[in-house]
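J.: Sharing target-v7.cif here; it has mmCIF, C-alpha atoms.
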data_model
loop_
_atom_site.label_atom_id
_atom_site.label_comp_id
_atom_site.auth_asym_id
_atom_site.auth_seq_id
_atom_site.Cartn_x
_atom_site.Cartn_y
_atom_site.Cartn_z
CA GLU A 1 1.29 -11.45 27.92
CA ALA A 2 -1.20 -9.51 30.05
CA GLY A 3 -2.54 -6.30 28.57
CA VAL A 4 -3.02 -2.88 30.08
CA ALA A 5 -5.36 -3.07 33.05
CA GLN A 6 -7.65 -0.25 34.12
CA SER A 7 -10.12 0.18 36.93
CA PRO A 8 -12.86 0.92 37.51
CA ARG A 9 -14.51 0.24 34.14
CA TYR A 10 -17.41 2.56 34.88
CA LYS A 11 -17.93 5.46 37.28
CA ILE A 12 -20.87 7.78 37.83
CA ILE A 13 -20.40 10.85 40.01
CA GLU A 14 -22.02 14.21 40.56
CA LYS A 15 -20.35 17.44 39.51
CA ARG A 16 -17.88 18.86 42.00
CA GLN A 17 -17.09 15.38 43.34
CA SER A 18 -13.67 13.77 43.05
CA VAL A 19 -12.74 10.62 41.18
CA ALA A 20 -9.60 8.57 40.60
CA PHE A 21 -8.67 6.07 37.92
CA TRP A 22 -5.97 3.43 38.09
CA CYS A 23 -3.80 1.95 35.35
CA ASN A 24 -1.37 -0.97 35.36
CA PRO A 25 0.70 -0.99 32.16
CA ILE A 26 2.24 -3.96 30.39
CA SER A 27 5.24 -5.21 32.35
CA GLY A 28 8.47 -3.60 31.21
CA HIS A 29 6.85 -0.74 29.31
CA ALA A 30 8.65 2.49 30.10
CA THR A 31 6.13 4.90 28.62
CA LEU A 32 2.62 5.39 29.92
CA TYR A 33 -0.11 7.62 28.49
CA TRP A 34 -3.48 8.88 29.68
CA TYR A 35 -6.01 9.89 27.01
CA GLN A 36 -9.46 11.43 27.21
CA GLN A 37 -11.97 10.29 24.57
CA ILE A 38 -15.17 12.29 24.43
CA LEU A 39 -18.09 10.66 22.62
CA GLY A 40 -17.76 11.11 18.87
CA GLN A 41 -14.10 12.14 19.01
CA GLY A 42 -10.71 10.52 18.89
CA PRO A 43 -8.55 10.15 21.98
CA LYS A 44 -6.76 13.27 23.21
CA LEU A 45 -3.47 12.93 25.06
CA LEU A 46 -3.66 14.28 28.61
CA ILE A 47 -0.28 13.25 29.97
CA GLN A 48 2.70 11.11 28.98
CA PHE A 49 5.17 9.56 31.42
CA GLN A 50 8.59 8.16 30.65
CA ASN A 51 9.30 5.88 33.62
CA ASN A 52 8.12 8.10 36.49
CA GLY A 53 8.90 11.45 34.85
CA VAL A 54 6.41 13.62 32.95
CA VAL A 55 7.25 14.06 29.25
CA ASP A 56 4.17 15.97 28.10
CA ASP A 57 1.25 17.35 30.11
CA SER A 58 0.47 20.31 27.86
CA GLN A 59 -3.20 19.33 27.42
CA LEU A 60 -3.86 18.37 31.05
CA PRO A 61 -6.25 20.82 32.80
CA LYS A 62 -3.97 21.21 35.76
CA ASP A 63 -6.46 23.18 37.85
CA ARG A 64 -8.53 20.02 38.29
CA PHE A 65 -6.62 17.05 36.86
CA SER A 66 -3.55 15.43 38.36
CA ALA A 67 -1.64 12.26 37.59
CA GLU A 68 1.24 10.38 39.07
CA ARG A 69 3.28 7.32 38.26
CA LEU A 70 5.03 6.15 41.37
CA LYS A 71 8.02 3.83 40.92
CA GLY A 72 7.58 4.00 37.16
CA VAL A 73 4.90 1.30 37.04
CA ASP A 74 1.24 1.90 38.02
CA SER A 75 -0.39 5.26 37.49
CA THR A 76 -3.40 7.11 38.84
CA LEU A 77 -5.33 9.96 37.24
CA LYS A 78 -7.45 12.15 39.50
CA ILE A 79 -10.12 14.75 38.79
CA GLN A 80 -11.04 17.18 41.55
CA PRO A 81 -13.59 18.71 41.27
CA ALA A 82 -15.33 17.11 38.30
CA LYS A 83 -17.33 19.11 35.76
CA LEU A 84 -20.07 17.96 33.40
CA GLU A 85 -17.71 18.28 30.43
CA ASP A 86 -15.37 15.71 31.98
CA SER A 87 -17.80 12.96 30.99
CA ALA A 88 -15.71 10.77 28.70
CA VAL A 89 -13.79 7.52 28.43
CA TYR A 90 -10.35 7.73 30.02
CA LEU A 91 -7.88 5.46 28.26
CA CYS A 92 -4.51 4.36 29.53
CA ALA A 93 -1.86 3.11 27.11
CA SER A 94 1.70 1.92 27.43
CA SER A 95 4.60 1.38 25.07
CA LEU A 96 7.98 -0.25 25.34
CA PHE A 97 9.85 2.91 24.49
CA GLN A 98 9.20 6.32 22.97
CA GLY A 99 9.80 6.64 19.26
CA THR A 100 8.42 6.66 15.75
CA GLY A 101 6.61 3.45 14.96
CA ASP A 102 6.48 2.29 18.56
CA THR A 103 3.24 0.51 19.35
CA GLN A 104 0.97 1.88 22.03
CA TYR A 105 -1.19 -0.75 23.71
CA PHE A 106 -4.46 0.56 25.09
CA GLY A 107 -6.47 -0.60 28.06
CA PRO A 108 -10.27 -0.95 27.89
CA GLY A 109 -10.82 2.47 29.43
CA THR A 110 -12.90 3.89 32.27
CA ARG A 111 -16.20 5.42 31.26
CA LEU A 112 -16.92 8.43 33.47
CA THR A 113 -20.34 10.02 33.67
CA VAL A 114 -20.65 13.32 35.54
CA LEU A 115 -24.22 14.26 36.49
CA THR B 1 -1.59 22.39 16.65
CA GLN B 2 -1.59 19.42 14.27
CA LEU B 3 -5.08 18.38 13.15
CA LEU B 4 -6.22 15.25 11.35
CA GLU B 5 -9.47 15.27 9.41
CA GLN B 6 -11.12 11.92 8.74
CA SER B 7 -13.84 11.27 6.19
CA PRO B 8 -16.45 10.08 6.01
CA GLN B 9 -17.49 10.35 9.65
CA PHE B 10 -20.07 7.55 9.27
CA LEU B 11 -20.28 4.73 6.73
CA SER B 12 -22.88 1.96 6.51
CA ILE B 13 -22.45 -0.64 3.78
CA GLN B 14 -23.49 -4.16 2.85
CA GLU B 15 -21.29 -7.18 3.26
CA GLY B 16 -19.08 -7.69 0.23
CA GLU B 17 -18.80 -4.03 -0.75
CA ASN B 18 -15.51 -2.13 -0.96
CA LEU B 19 -14.82 1.11 0.87
CA THR B 20 -12.16 3.76 1.39
CA VAL B 21 -11.71 6.09 4.34
CA TYR B 22 -9.45 9.10 4.31
CA CYS B 23 -7.21 10.89 6.78
CA ASN B 24 -5.93 14.35 5.84
CA SER B 25 -3.80 17.01 7.46
CA SER B 26 -1.96 20.19 6.59
CA SER B 27 0.93 19.03 8.77
CA VAL B 28 3.71 16.57 8.05
CA PHE B 29 3.95 13.56 10.35
CA SER B 30 6.95 11.35 11.02
CA SER B 31 4.61 8.35 10.91
CA LEU B 32 0.93 7.61 10.74
CA GLN B 33 -0.98 4.83 12.44
CA TRP B 34 -4.41 3.31 11.89
CA TYR B 35 -6.39 1.84 14.77
CA ARG B 36 -9.71 0.02 15.09
CA GLN B 37 -11.79 0.49 18.21
CA GLU B 38 -14.75 -1.67 19.17
CA PRO B 39 -17.41 -0.62 21.69
CA GLY B 40 -16.18 -0.79 25.28
CA GLU B 41 -12.59 -1.42 24.25
CA GLY B 42 -9.47 0.61 23.65
CA PRO B 43 -8.07 1.21 20.16
CA VAL B 44 -6.03 -1.63 18.65
CA LEU B 45 -3.19 -0.82 16.27
CA LEU B 46 -3.67 -2.10 12.70
CA VAL B 47 -0.65 -0.63 10.93
CA THR B 48 2.09 2.00 11.07
CA VAL B 49 3.29 3.73 7.89
CA VAL B 50 6.51 5.70 7.97
CA THR B 51 7.73 6.39 4.42
CA GLY B 52 5.99 8.76 2.00
CA GLY B 53 4.19 6.75 -0.69
CA GLU B 54 4.31 3.58 1.38
CA VAL B 55 1.60 0.98 0.82
CA LYS B 56 0.93 -1.79 3.33
CA LYS B 57 -1.53 -4.64 3.06
CA LEU B 58 -3.14 -6.55 5.92
CA LYS B 59 -5.36 -9.26 4.42
CA ARG B 60 -8.29 -7.33 2.90
CA LEU B 61 -7.08 -3.96 4.24
CA THR B 62 -4.75 -1.72 2.19
CA PHE B 63 -3.13 1.33 3.78
CA GLN B 64 -1.39 4.11 1.90
CA PHE B 65 0.70 7.01 3.19
CA GLY B 66 0.75 10.10 0.99
CA ASP B 67 3.97 11.12 -0.74
CA ALA B 68 4.18 14.29 1.36
CA ARG B 69 3.41 12.37 4.60
CA LYS B 70 0.35 14.55 5.26
CA ASP B 71 -2.45 12.17 4.37
CA SER B 72 -3.37 8.52 4.34
CA SER B 73 -6.13 6.20 3.18
CA LEU B 74 -7.51 2.86 4.27
CA HIS B 75 -9.20 0.66 1.67
CA ILE B 76 -11.19 -2.44 2.66
CA THR B 77 -12.04 -5.01 0.01
CA ALA B 78 -15.13 -7.20 0.35
CA ALA B 79 -16.09 -5.88 3.77
CA GLN B 80 -17.39 -8.31 6.36
CA PRO B 81 -19.54 -7.74 9.47
CA GLY B 82 -16.43 -8.36 11.58
CA ASP B 83 -14.91 -5.19 10.10
CA THR B 84 -17.50 -3.11 11.94
CA GLY B 85 -15.91 -0.59 14.29
CA LEU B 86 -14.45 2.88 14.70
CA TYR B 87 -11.39 3.42 12.51
CA LEU B 88 -8.99 6.03 13.84
CA CYS B 89 -5.93 7.51 12.21
CA ALA B 90 -3.20 9.02 14.37
CA GLY B 91 -0.16 11.03 13.35
CA SER B 92 3.09 10.95 15.26
CA GLY B 93 5.31 14.00 15.55
CA GLY B 94 7.37 16.19 17.83
CA SER B 95 10.26 15.34 20.10
CA ASN B 96 8.12 13.00 22.20
CA TYR B 97 6.44 11.32 19.18
CA LYS B 98 3.08 12.48 20.48
CA LEU B 99 0.06 10.91 18.76
CA THR B 100 -2.66 13.21 17.41
CA PHE B 101 -5.85 11.33 16.61
CA GLY B 102 -8.56 12.11 14.10
CA LYS B 103 -12.22 11.89 15.11
CA GLY B 104 -12.60 8.53 13.41
CA THR B 105 -14.83 6.85 10.86
CA LEU B 106 -17.61 4.71 12.30
CA LEU B 107 -18.06 1.77 9.93
CA THR B 108 -21.05 -0.56 10.01
CA VAL B 109 -21.06 -3.60 7.74
CA ASN B 110 -24.50 -5.15 7.45
CA PRO B 111 -24.88 -8.89 6.72
#
Turn the structure described in the file into structure tokens.
T.:
Amino acid sequence: EAGVAQSPRYKIIEKRQSVAFWCNPISGHATLYWYQQILGQGPKLLIQFQNNGVVDDSQLPKDRFSAERLKGVDSTLKIQPAKLEDSAVYLCASSLFQGTGDTQYFGPGTRLTVL
Amino acid sequence: TQLLEQSPQFLSIQEGENLTVYCNSSSVFSSLQWYRQEPGEGPVLLVTVVTGGEVKKLKRLTFQFGDARKDSSLHITAAQPGDTGLYLCAGSGGSNYKLTFGKGTLLTVNP
């Protein structure tokens, strides 16, 4: 079974530029998550989708971050404009359903450096 | 906001030693998960504990969920270099079973 795919793996941009990340979840997984992991910290949930609807985006900085999940499969996360403090690894995860004990499968992440 | 405190933050030991890492919170979680993350990779789930007082074993790893479902521990017996990595605990709660992660314990096992 193929895992969660993410691209690109690495991205370096200058502040105020825009950037987009792509995620392809495990086939059949209804729930998709985007996390931000700053160096030395655990992942922080940015947004959670159930199929193509948003379940939780309470920690998404909506003035600069946006995400969509068209057709309930692939997802993109965009930052516009980027700030220095956005430097982090952006992880995508998917799960079969949404519930206690459900396993989230993580992709390898995209490491973003903002100069 | 639910917070999870992990300790120690860093741990460097010799192969064959035993160790315990802790995950504590003032909040009650419906379940708690432990992950291991290696450099350049996403976290990989090791175990999920759901019942207060529950103990689960995975080879040399023993996980315990506190009776009040607020804390957990991970004990590794006879650590090996392959155990090296970042160990993260994550609590699940709320209507959407949102995961809240701790900052992790970075374990290095030296040969």
J.: Selection in question (the file shown): the PyMOL selection byres ((chain A and resi 97) around 9). Which residues does it include, as a PyMOL selection string?
T.: chain A and resi 29-31+50+94-96+98-99+102-103
J.: Kindly indicate which residue among A:Lys15, A:Asn24, A:Asp86, A:Ala93 lies nearest to Ile47 (chain A), using only C-alpha atoms for the distances.
T.: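 When distances to Ile47 (chain A) are compared using only C-alpha atoms, the smallest one comes from A:Ala93.
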J.: Taking the file above as input, evaluate the PyMOL selection byres ((chain A and resi 20-23) around 9) and report the hits as a PyMOL selection string.
T.: chain A and resi 4-8+18-19+24-25+34+73-80+90-93+107+110
J.: Report as a tab-separated table: every residue of chain A with an atom at most 8 Å from chain B, its closest pair of atoms, and their distance in Å to one decimal, counting only C-alpha atoms, with rows sorted by chain and ascending residue number.
T.:
residue	atom	partner	partner_atom	distance
A:Gly40	CA	B:Lys103	CA	6.7
A:Gln41	CA	B:Lys103	CA	4.3
A:Gly42	CA	B:Lys103	CA	4.3
A:Pro43	CA	B:Phe101	CA	6.1
A:Lys44	CA	B:Phe101	CA	6.9
A:Leu45	CA	B:Leu99	CA	7.5
A:Val55	CA	B:Asn96	CA	7.2
A:Asp56	CA	B:Asn96	CA	7.7
A:Leu91	CA	B:Gly42	CA	6.9
A:Gln98	CA	B:Asn96	CA	6.8
A:Gly99	CA	B:Tyr97	CA	5.8
A:Thr100	CA	B:Tyr97	CA	6.1
A:Gly101	CA	B:Thr48	CA	6.1
A:Thr103	CA	B:Leu45	CA	7.3
A:Gln104	CA	B:Leu45	CA	7.6
A:Tyr105	CA	B:Val44	CA	7.1
A:Phe106	CA	B:Gly42	CA	5.2
A:Gly107	CA	B:Gly42	CA	5.5
A:Pro108	CA	B:Glu41	CA	4.3
A:Gly109	CA	B:Gly42	CA	6.2
J.: What's the 12 Å shell around Leu11 (chain B), counting all atoms listed in the file, without same-chain residues fewer than 6 positions away, as a ChimeraX atom specification?
T.: /B:17-22,79,83-87,104-110
